[in-house]
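See structure below.
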Amino acid sequence: MTIDNLDARLIALLHAEPRLGVLECSRRLGVARGTVQARLDRLTDRGVITGFGPDVSPAALGYDVTAFVSMEIRQVAGHDPVADRLARIPEVLEVHTITGDSDLLCRVVARTNADLQRVIDRIVEVQGVLRTNSIIALDTPVPYRVLPLVADVPRRPGR
């Protein structure tokens, strides 16, 4: 889906201040309330905006360690059964299928390095996981972000 400058401005505004209502968004953007509501509905229906919930910091909840765990899995039933089992482990935040020597990559959190061992042990116990490799993140100099993409889309030629 293509977004325009107004969509990008609306997304940036809600990203900066997620509690704003439609009326306040319309006031700040200088457009009608109905325009903002229609844009939000369209962006949500088409999957551009995927949620309005709060961003939660695992570190603020006591999960100070972030790690990436790559794994090789048994290919008999594919990735889905293993991913479904991994989703039952609360500390597994994301699971991606990947190319290369491994099959899956997970972002996990733990309270301490010792707790990370417990999390990895739970991952290894998952039926279908053959081998894991973990990397502990020391810092996050560029956190997950999408606003640069949103800002860039209306500027691209042919848009």
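Quick note on naming: the chains in the structure tokens go A, B, ... in the order shown, residues restart at 1 in each chain, and ligands are numbered from 1 in order of appearance.
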So that I can see what lies close to Pro90 in chain A, please list as a ChimeraX atom specification the residues with an atom at most 9 Å from it, counting only C-alpha atoms and leaving out residues fewer than 4 positions away in the same chain. /A:86,108-109
Enumerate, in order of chain and increasing residue number, the residues of range 33-140 of chain A with an atom no farther than 10 Å from range 3-21 of chain A, each with its shortest atom pair and distance in Å to one decimal, counting only C-alpha atoms, as a Markdown table.
```
| residue | atom | partner | partner_atom | distance |
| --- | --- | --- | --- | --- |
| A:Arg33 | CA | A:Gly21 | CA | 9.8 |
| A:Thr35 | CA | A:Leu6 | CA | 9.9 |
| A:Val36 | CA | A:Leu10 | CA | 7.8 |
| A:Gln37 | CA | A:Gly21 | CA | 9.9 |
| A:Arg39 | CA | A:Asp7 | CA | 6.9 |
| A:Leu40 | CA | A:Leu10 | CA | 8.3 |
| A:Arg42 | CA | A:Asp7 | CA | 9.9 |
| A:Leu43 | CA | A:Asp7 | CA | 8.1 |
| A:Val48 | CA | A:Ile3 | CA | 9.0 |
| A:Ile49 | CA | A:Ile11 | CA | 8.0 |
| A:Phe52 | CA | A:Pro18 | CA | 7.1 |
| A:Gly53 | CA | A:Pro18 | CA | 8.3 |
| A:Pro54 | CA | A:Pro18 | CA | 8.0 |
| A:Asp55 | CA | A:Pro18 | CA | 9.9 |
```
Using the chain letters and numbers from this document, which residues of range 2-151 of chain A does DSSP assign to alpha helix (DSSP H), as an MDAnalysis selection string? chainID A and resid 5:16 22:29 33:45 80:86 113:125 147:151
DSSP on the backbone, then: every residue of chain A marked strand (DSSP E or B), written as an MDAnalysis selection string. chainID A and resid 65:73 92:97 104:110 129:137
List the neighbours of Thr2 in chain A out to 12 Å using only C-alpha atoms; skip same-chain residues closer than 6 positions along the sequence, and give me the result as a list of chain:residue names. A:Ala8, A:Arg42, A:Leu43, A:Arg46, A:Gly47, A:Val48, A:Leu149, A:Val150, A:Ala151, A:Asp152, A:Val153, A:Pro154, A:Arg155, A:Arg156, A:Pro157, A:Gly158, A:Arg159
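Our summary of the geometry notes that CA of Leu104 in chain A is positioned 8.2 Å from CA of Val69 in chain A.
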Closest of A:Leu93, A:Val82, A:Leu147, A:Ile73 to Thr132 in chain A - atom-to-atom distances counting only C-alpha atoms: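 Selected residue with least distance to Thr132 in chain A: A:Ile73.
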Restricting to only C-alpha atoms, whichever of A:Arg111, A:Gly30, A:Thr44, A:Gln75 is closest to Ala60 in chain A is A:Arg111
Counting only C-alpha atoms, the residue among A:Pro81, A:Met1, A:Glu91, A:Asp41 that lies closest to Asp115 in chain A is A:Glu91
